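Here's the structure, in structure tokens; my notes come after.
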Amino acid sequence: MPDTLSGKVALVTGAGGGIGRETVRVLLENGARVAVADISEDAGRETIEYVGAGDDAFFHKTDVTDLASFEGLVAKTVETYGRLDVAHNNAGIEFSGLDLADVPVEEFQKLIAVNYTGVFISMKAEIPQMLKQGEGSIINTASALGIVALPGQSAYVSSKHAVIGLTKAAAMEYSGRGIRVNTILPGVIRTPMIEALDVQHPGFSDMLLKEHPIGRLGLPRDIGNAVVWLGSELSSFVTGTSLLVDGGYSTH
Ligand SMILES: NC(=O)c1ccc[n+]([C@@H]2O[C@H](COP(=O)([O-])OP(=O)(O)OC[C@H]3O[C@@H](n4cnc5c(N)ncnc54)[C@H](O)[C@@H]3O)[C@@H](O)[C@H]2O)c1
């Protein structure tokens with residue numbers, strides 16, 4: 001489907017990370033031009049090098065917890081490519097693995113600020129441009145941990161449950177005005193985030209492999225493919241949905 005997103009303009013947050021970087025590549029392969037957004041300048045620039053897309057992608061340093069920063073990203077995207085059709089709100093941070101009563105309040109608040117409030121801020125900045133156009137597709141990244149829990153992950157689990165609720169609320173408000181809003185719920189995807197958790201908790205991903213009936217962990221491209229589908233006309237009757245891309249993780 002090389003032309004699925006031909007002429008479309010996308011942005012990806014957390015695009016310096018494992019899922020975001022590959023999603024940028026898959027969006028480009030499908031004909032979109034892409035704004036690459038990340039709080040890390042080094043990681044964002046590495047993504048630009050990795051995709052090698054010339055004028056079809058640019059990096060803009062963006063903090064999803066800061067509305068002015070995000071509005072700057074939307075403005076730069078419109079200035080560069082003229083519009084914003086597909087927004088993949090994907091930035092997120094992992095959690096230390098402590099049981100709830102041991103979690104420092106500051107750590108809980110920081111995670112909520114990025115994983116949950118960050119999605120609110122992202123949509124708040126994107127929606128006005130999409131309303132001007134009368135169309136757009138927003139795709140938030142939650143997690144399979146948005147519908148089930150895991151010990152030691154209270155902040156992460158609750159932030160991802162909240163993203164699903166926020167997605168449904170936004171879909172209800174804006175779907176009649178041309179903006180579809182959906183969320184993707186990845187299972188465990190092999191990325192630097194999982195590698196970091198593996199360092200903190202040796203054997204973490206091997207343990208989780210057993211929880212994926214399909215017999216493998218996910219690849220970043222599995223999520224990129226879902227973003228292309230949700231971002232394109234192929235999914236034109238889909239809004240407010242929580243799309244599990246989890247190899248069956250949440251079936252038990
Ligand atoms: N990897 C998995 O198995 C998995 C599973 C389910 C859900 N997810 C979710 O997918 C998303 C991407 O995960 P990943 O595995 O690619 O993680 P990652 O750590 O590889 O990448 C996350 C990126 O987000 C960026 N970021 C962090 N804070 C930011 C901020 N305030 N503003 C802008 N960018 C910021 C980081 O710099 C990093 O480049 C996250 O929302 C994560 O919760 C991941």
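How things are named: the first chain in the structure tokens is A, the next is B, and so on; residues count from 1 in each chain; ligands count from 1 in the order shown.
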Set out as a Markdown table a contact list for chain A and ligand 1 with a cut-off of 8 Å, giving each residue of chain A that qualifies its closest atom pair and distance in Å to one decimal, counting only C-alpha atoms and all ligand atoms, ordered by chain and rising residue number.
```
| residue | atom | partner | partner_atom_place_in_ligand_line | distance |
| --- | --- | --- | --- | --- |
| A:Thr13 | CA | ligand 1 | 34 (N) | 5.9 |
| A:Gly14 | CA | ligand 1 | 24 (O) | 3.4 |
| A:Ala15 | CA | ligand 1 | 39 (O) | 5.8 |
| A:Gly16 | CA | ligand 1 | 39 (O) | 3.8 |
| A:Gly17 | CA | ligand 1 | 21 (O) | 3.2 |
| A:Gly18 | CA | ligand 1 | 16 (O) | 3.7 |
| A:Ile19 | CA | ligand 1 | 16 (O) | 3.7 |
| A:Gly20 | CA | ligand 1 | 16 (O) | 5.5 |
| A:Arg21 | CA | ligand 1 | 16 (O) | 7.5 |
| A:Ala37 | CA | ligand 1 | 33 (C) | 6.7 |
| A:Asp38 | CA | ligand 1 | 34 (N) | 4.0 |
| A:Ile39 | CA | ligand 1 | 33 (C) | 4.1 |
| A:Ser40 | CA | ligand 1 | 37 (O) | 4.8 |
| A:Ala43 | CA | ligand 1 | 39 (O) | 5.9 |
| A:Gly44 | CA | ligand 1 | 39 (O) | 7.2 |
| A:Lys61 | CA | ligand 1 | 33 (C) | 7.8 |
| A:Thr62 | CA | ligand 1 | 33 (C) | 5.4 |
| A:Asp63 | CA | ligand 1 | 32 (N) | 3.6 |
| A:Val64 | CA | ligand 1 | 32 (N) | 4.0 |
| A:Thr65 | CA | ligand 1 | 31 (N) | 5.3 |
| A:Asp66 | CA | ligand 1 | 31 (N) | 7.9 |
| A:Asn89 | CA | ligand 1 | 41 (O) | 7.9 |
| A:Asn90 | CA | ligand 1 | 41 (O) | 4.7 |
| A:Ala91 | CA | ligand 1 | 24 (O) | 4.0 |
| A:Gly92 | CA | ligand 1 | 41 (O) | 3.5 |
| A:Ile93 | CA | ligand 1 | 27 (C) | 5.5 |
| A:Glu94 | CA | ligand 1 | 43 (O) | 6.4 |
| A:Ala113 | CA | ligand 1 | 31 (N) | 7.9 |
| A:Val114 | CA | ligand 1 | 31 (N) | 5.2 |
| A:Asn115 | CA | ligand 1 | 41 (O) | 6.3 |
| A:Gly118 | CA | ligand 1 | 31 (N) | 7.1 |
| A:Thr141 | CA | ligand 1 | 41 (O) | 5.3 |
| A:Ala142 | CA | ligand 1 | 7 (C) | 5.7 |
| A:Ser143 | CA | ligand 1 | 6 (C) | 4.0 |
| A:Ala144 | CA | ligand 1 | 6 (C) | 6.2 |
| A:Leu145 | CA | ligand 1 | 6 (C) | 7.1 |
| A:Tyr156 | CA | ligand 1 | 43 (O) | 7.6 |
| A:Lys160 | CA | ligand 1 | 43 (O) | 7.7 |
| A:Leu185 | CA | ligand 1 | 6 (C) | 6.3 |
| A:Pro186 | CA | ligand 1 | 6 (C) | 4.4 |
| A:Gly187 | CA | ligand 1 | 5 (C) | 5.1 |
| A:Val188 | CA | ligand 1 | 3 (O) | 3.5 |
| A:Ile189 | CA | ligand 1 | 3 (O) | 3.5 |
| A:Arg190 | CA | ligand 1 | 1 (N) | 5.8 |
| A:Thr191 | CA | ligand 1 | 15 (O) | 4.7 |
| A:Pro192 | CA | ligand 1 | 20 (O) | 4.5 |
| A:Met193 | CA | ligand 1 | 19 (O) | 4.1 |
| A:Ile194 | CA | ligand 1 | 1 (N) | 5.4 |
| A:Gly218 | CA | ligand 1 | 3 (O) | 7.4 |
| A:Pro220 | CA | ligand 1 | 16 (O) | 7.4 |
```
Next, the residues of the selection above should be written as an mmCIF file, in the first residue's frame with C-alpha atoms.
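See result37.cif below for the written result:
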```cif
data_model
loop_
_atom_site.group_PDB
_atom_site.id
_atom_site.type_symbol
_atom_site.label_atom_id
_atom_site.label_comp_id
_atom_site.auth_asym_id
_atom_site.auth_seq_id
_atom_site.Cartn_x
_atom_site.Cartn_y
_atom_site.Cartn_z
ATOM 1 C CA THR A 13 5.759 12.435 19.110
ATOM 2 C CA GLY A 14 8.355 10.378 20.924
ATOM 3 C CA ALA A 15 9.734 9.911 17.415
ATOM 4 C CA GLY A 16 13.254 9.456 18.739
ATOM 5 C CA GLY A 17 12.211 6.243 20.481
ATOM 6 C CA GLY A 18 11.745 2.665 19.337
ATOM 7 C CA ILE A 19 8.100 2.750 18.248
ATOM 8 C CA GLY A 20 8.065 6.371 17.083
ATOM 9 C CA ARG A 21 11.187 6.067 14.931
ATOM 10 C CA ALA A 37 8.943 15.397 17.414
ATOM 11 C CA ASP A 38 10.853 14.434 20.545
ATOM 12 C CA ILE A 39 12.118 16.110 23.697
ATOM 13 C CA SER A 40 15.556 14.648 22.958
ATOM 14 C CA ALA A 43 17.268 11.019 19.466
ATOM 15 C CA GLY A 44 15.164 13.093 17.070
ATOM 16 C CA LYS A 61 12.260 19.569 19.474
ATOM 17 C CA THR A 62 8.981 19.264 21.384
ATOM 18 C CA ASP A 63 7.992 18.674 24.997
ATOM 19 C CA VAL A 64 4.519 17.140 25.130
ATOM 20 C CA THR A 65 4.015 18.448 28.678
ATOM 21 C CA ASP A 66 4.272 22.058 27.463
ATOM 22 C CA ASN A 89 0.671 11.004 20.017
ATOM 23 C CA ASN A 90 3.154 8.405 21.120
ATOM 24 C CA ALA A 91 5.616 9.960 23.603
ATOM 25 C CA GLY A 92 5.716 8.109 26.885
ATOM 26 C CA ILE A 93 7.970 7.162 29.758
ATOM 27 C CA GLU A 94 8.368 3.957 31.710
ATOM 28 C CA ALA A 113 2.396 14.575 33.128
ATOM 29 C CA VAL A 114 4.009 12.858 30.126
ATOM 30 C CA ASN A 115 1.857 9.784 29.479
ATOM 31 C CA GLY A 118 0.877 15.014 27.448
ATOM 32 C CA THR A 141 -0.542 5.349 22.059
ATOM 33 C CA ALA A 142 -1.885 3.688 25.190
ATOM 34 C CA SER A 143 -0.850 0.106 26.023
ATOM 35 C CA ALA A 144 -2.327 -3.312 26.661
ATOM 36 C CA LEU A 145 -1.753 -2.087 30.217
ATOM 37 C CA TYR A 156 1.909 3.532 34.081
ATOM 38 C CA LYS A 160 -2.725 4.297 29.967
ATOM 39 C CA LEU A 185 -2.767 -0.633 22.697
ATOM 40 C CA PRO A 186 0.601 -2.288 22.044
ATOM 41 C CA GLY A 187 1.677 -5.447 23.790
ATOM 42 C CA VAL A 188 5.363 -5.684 24.598
ATOM 43 C CA ILE A 189 7.328 -4.212 21.710
ATOM 44 C CA ARG A 190 11.100 -4.632 21.510
ATOM 45 C CA THR A 191 12.322 -1.047 22.022
ATOM 46 C CA PRO A 192 14.795 0.860 24.222
ATOM 47 C CA MET A 193 11.987 1.238 26.791
ATOM 48 C CA ILE A 194 11.781 -2.542 27.181
ATOM 49 C CA GLY A 218 5.965 -7.079 18.949
ATOM 50 C CA PRO A 220 7.931 -1.325 16.260
#
```
For Ala101 in chain A, list every protein, DNA or RNA residue within 12 Å, evaluated using only C-alpha atoms, and leave out those in the same chain fewer than 5 positions away; present the list as a PDB file with N, CA, C and O atoms, in the first residue's frame.
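And here's part_25.pdb as it stands now:
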```
ATOM      1  N   PHE A 108       5.294   9.661  40.369  1.00  0.00           N
ATOM      2  CA  PHE A 108       3.928   9.422  39.872  1.00  0.00           C
ATOM      3  C   PHE A 108       3.476  10.617  39.032  1.00  0.00           C
ATOM      4  O   PHE A 108       2.986  10.466  37.908  1.00  0.00           O
ATOM      5  N   GLY A 152       3.570  -3.415  40.216  1.00  0.00           N
ATOM      6  CA  GLY A 152       4.685  -2.470  40.163  1.00  0.00           C
ATOM      7  C   GLY A 152       4.550  -1.419  39.087  1.00  0.00           C
ATOM      8  O   GLY A 152       5.523  -0.738  38.762  1.00  0.00           O
ATOM      9  N   GLN A 153       3.377  -1.307  38.502  1.00  0.00           N
ATOM     10  CA  GLN A 153       3.202  -0.381  37.378  1.00  0.00           C
ATOM     11  C   GLN A 153       1.981   0.528  37.577  1.00  0.00           C
ATOM     12  O   GLN A 153       1.302   0.886  36.613  1.00  0.00           O
ATOM     13  N   SER A 154       1.704   0.908  38.829  1.00  0.00           N
ATOM     14  CA  SER A 154       0.445   1.628  39.086  1.00  0.00           C
ATOM     15  C   SER A 154       0.335   2.927  38.304  1.00  0.00           C
ATOM     16  O   SER A 154      -0.722   3.226  37.729  1.00  0.00           O
ATOM     17  N   ALA A 155       1.394   3.707  38.269  1.00  0.00           N
ATOM     18  CA  ALA A 155       1.321   4.990  37.549  1.00  0.00           C
ATOM     19  C   ALA A 155       1.153   4.738  36.049  1.00  0.00           C
ATOM     20  O   ALA A 155       0.310   5.353  35.387  1.00  0.00           O
TER      21      ALA A 155
END
```
Q.
Please return, as a PyMOL selection string, all residues of range 38-252 of chain A that DSSP assigns to strand (DSSP E) on the basis of the backbone.
A. chain A and resi 38+57-61+86-89+136-141+179-186+242-245
Now that the selection is made, can you save its residues with C-alpha atoms as a PDB file, in the first residue's frame?
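The resulting selection_23.pdb:
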```pdb
ATOM      1  CA  ASP A  38      10.853  14.434  20.545  1.00  0.00           C
ATOM      2  CA  ALA A  57      10.680  14.789   7.184  1.00  0.00           C
ATOM      3  CA  PHE A  58      11.987  17.380   9.636  1.00  0.00           C
ATOM      4  CA  PHE A  59      12.806  17.325  13.337  1.00  0.00           C
ATOM      5  CA  HIS A  60      11.243  19.750  15.818  1.00  0.00           C
ATOM      6  CA  LYS A  61      12.260  19.569  19.474  1.00  0.00           C
ATOM      7  CA  VAL A  86      -2.396  12.413  10.982  1.00  0.00           C
ATOM      8  CA  ALA A  87      -1.123  12.873  14.533  1.00  0.00           C
ATOM      9  CA  HIS A  88       0.479   9.970  16.368  1.00  0.00           C
ATOM     10  CA  ASN A  89       0.671  11.004  20.017  1.00  0.00           C
ATOM     11  CA  GLY A 136      -7.865  14.712  10.584  1.00  0.00           C
ATOM     12  CA  SER A 137      -6.970  11.473  12.323  1.00  0.00           C
ATOM     13  CA  ILE A 138      -5.501  11.386  15.816  1.00  0.00           C
ATOM     14  CA  ILE A 139      -3.895   8.182  17.076  1.00  0.00           C
ATOM     15  CA  ASN A 140      -2.870   8.012  20.719  1.00  0.00           C
ATOM     16  CA  THR A 141      -0.542   5.349  22.059  1.00  0.00           C
ATOM     17  CA  ILE A 179     -11.701  14.305  13.239  1.00  0.00           C
ATOM     18  CA  ARG A 180     -11.395  10.634  14.125  1.00  0.00           C
ATOM     19  CA  VAL A 181      -9.636   9.824  17.409  1.00  0.00           C
ATOM     20  CA  ASN A 182      -8.399   6.326  18.225  1.00  0.00           C
ATOM     21  CA  THR A 183      -5.870   4.669  20.454  1.00  0.00           C
ATOM     22  CA  ILE A 184      -3.445   1.816  19.863  1.00  0.00           C
ATOM     23  CA  LEU A 185      -2.767  -0.633  22.697  1.00  0.00           C
ATOM     24  CA  PRO A 186       0.601  -2.288  22.044  1.00  0.00           C
ATOM     25  CA  SER A 242      -8.963   0.919  21.353  1.00  0.00           C
ATOM     26  CA  LEU A 243      -7.007  -1.170  18.866  1.00  0.00           C
ATOM     27  CA  LEU A 244      -5.095  -3.979  20.554  1.00  0.00           C
ATOM     28  CA  VAL A 245      -1.838  -4.765  18.757  1.00  0.00           C
TER      29      VAL A 245
END
```
- Message: Residues of range 6-244 of chain A classed as helix (DSSP H, G or I) by DSSP on the backbone are to be reported as a PyMOL selection string.
- Response: chain A and resi 18-29+41-51+54-56+67-81+100-102+105-133+144-146+154-177+192-200+204-209+220-231+233-235
Between CA of Pro213 in chain A and CA of Tyr249 in chain A lies a distance of 6.6 Å
One residue among A:Val36, A:Val157, A:Leu208, A:Val24 is nearest to Leu111 in chain A when using only C-alpha atoms, and that residue is A:Val157
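Taking CA of Leu197 in chain A and CA of Ile214 in chain A as the two end points, the separation is 21.8 Å.
Nearest to Ile223 in chain A of all the residues A:Gly203, A:Ala32, A:Gly134, A:Gly247 is A:Gly247, counting only C-alpha atoms.
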- Give me, please, the distance in Å between CA of Leu219 in chain A and CA of Gly231 in chain A, quoted to one decimal.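 We find that CA of Leu219 in chain A and CA of Gly231 in chain A lie 19.0 Å from each other.
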query = Within 8 Å of His161 in chain A, counting only C-alpha atoms, which residues qualify if same-chain residues fewer than 2 places away don't, as an MDAnalysis selection string?
reply = chainID A and resid 142 145:147 157:159 163:165
Residue subset to file, keeping N, CA, C and O atoms, as a CSV table (one decimal), in the first residue's frame:
```csv
chain,number,residue,atom,x,y,z
A,142,ALA,N,-1.7,4.1,23.8
A,142,ALA,CA,-1.9,3.7,25.2
A,142,ALA,C,-1.0,2.5,25.4
A,142,ALA,O,0.2,2.5,25.2
A,145,LEU,N,-1.6,-2.4,28.8
A,145,LEU,CA,-1.8,-2.1,30.2
A,145,LEU,C,-2.7,-0.9,30.4
A,145,LEU,O,-2.9,-0.4,31.5
A,146,GLY,N,-3.4,-0.6,29.3
A,146,GLY,CA,-4.6,0.4,29.4
A,146,GLY,C,-5.9,-0.4,29.7
A,146,GLY,O,-6.9,0.2,30.0
A,147,ILE,N,-5.8,-1.7,29.6
A,147,ILE,CA,-7.0,-2.5,30.0
A,147,ILE,C,-6.8,-3.6,31.0
A,147,ILE,O,-7.7,-4.2,31.5
A,157,VAL,N,0.1,2.0,34.4
A,157,VAL,CA,-1.2,1.3,34.2
A,157,VAL,C,-2.3,2.4,34.2
A,157,VAL,O,-3.2,2.4,33.3
A,158,SER,N,-2.3,3.2,35.2
A,158,SER,CA,-3.4,4.2,35.3
A,158,SER,C,-3.3,5.3,34.3
A,158,SER,O,-4.3,5.7,33.7
A,159,SER,N,-2.1,5.7,33.9
A,159,SER,CA,-2.0,6.7,32.8
A,159,SER,C,-2.5,6.1,31.5
A,159,SER,O,-3.2,6.9,30.8
A,163,VAL,N,-5.6,7.4,29.1
A,163,VAL,CA,-5.5,7.7,27.7
A,163,VAL,C,-6.7,7.2,26.9
A,163,VAL,O,-7.2,7.8,26.0
A,164,ILE,N,-7.1,6.0,27.3
A,164,ILE,CA,-8.2,5.3,26.6
A,164,ILE,C,-9.5,6.2,26.8
A,164,ILE,O,-10.3,6.4,25.9
A,165,GLY,N,-9.7,6.6,28.0
A,165,GLY,CA,-10.9,7.4,28.3
A,165,GLY,C,-10.9,8.7,27.6
A,165,GLY,O,-11.9,9.2,27.1
```
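Proximity of A:Lys168, A:Lys132, A:His252, A:Lys76 to Val238 in chain A, computed with only C-alpha atoms, is greatest for A:Lys168.
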Problem set entry | Polymer residues at most 12 Å from Gly178 in chain A, only C-alpha atoms, same-chain spacing of 2 or more positions, as a PyMOL selection string | chain A and resi 85+127-138+170-176+180-181+233+236-239
Would you please work out which residue, of A:Thr117, A:Thr47, A:Gln200, A:Ser122, is nearest to Ala162 in chain A when using only C-alpha atoms?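 Counting only C-alpha atoms, the residue closest to Ala162 in chain A is A:Thr117.
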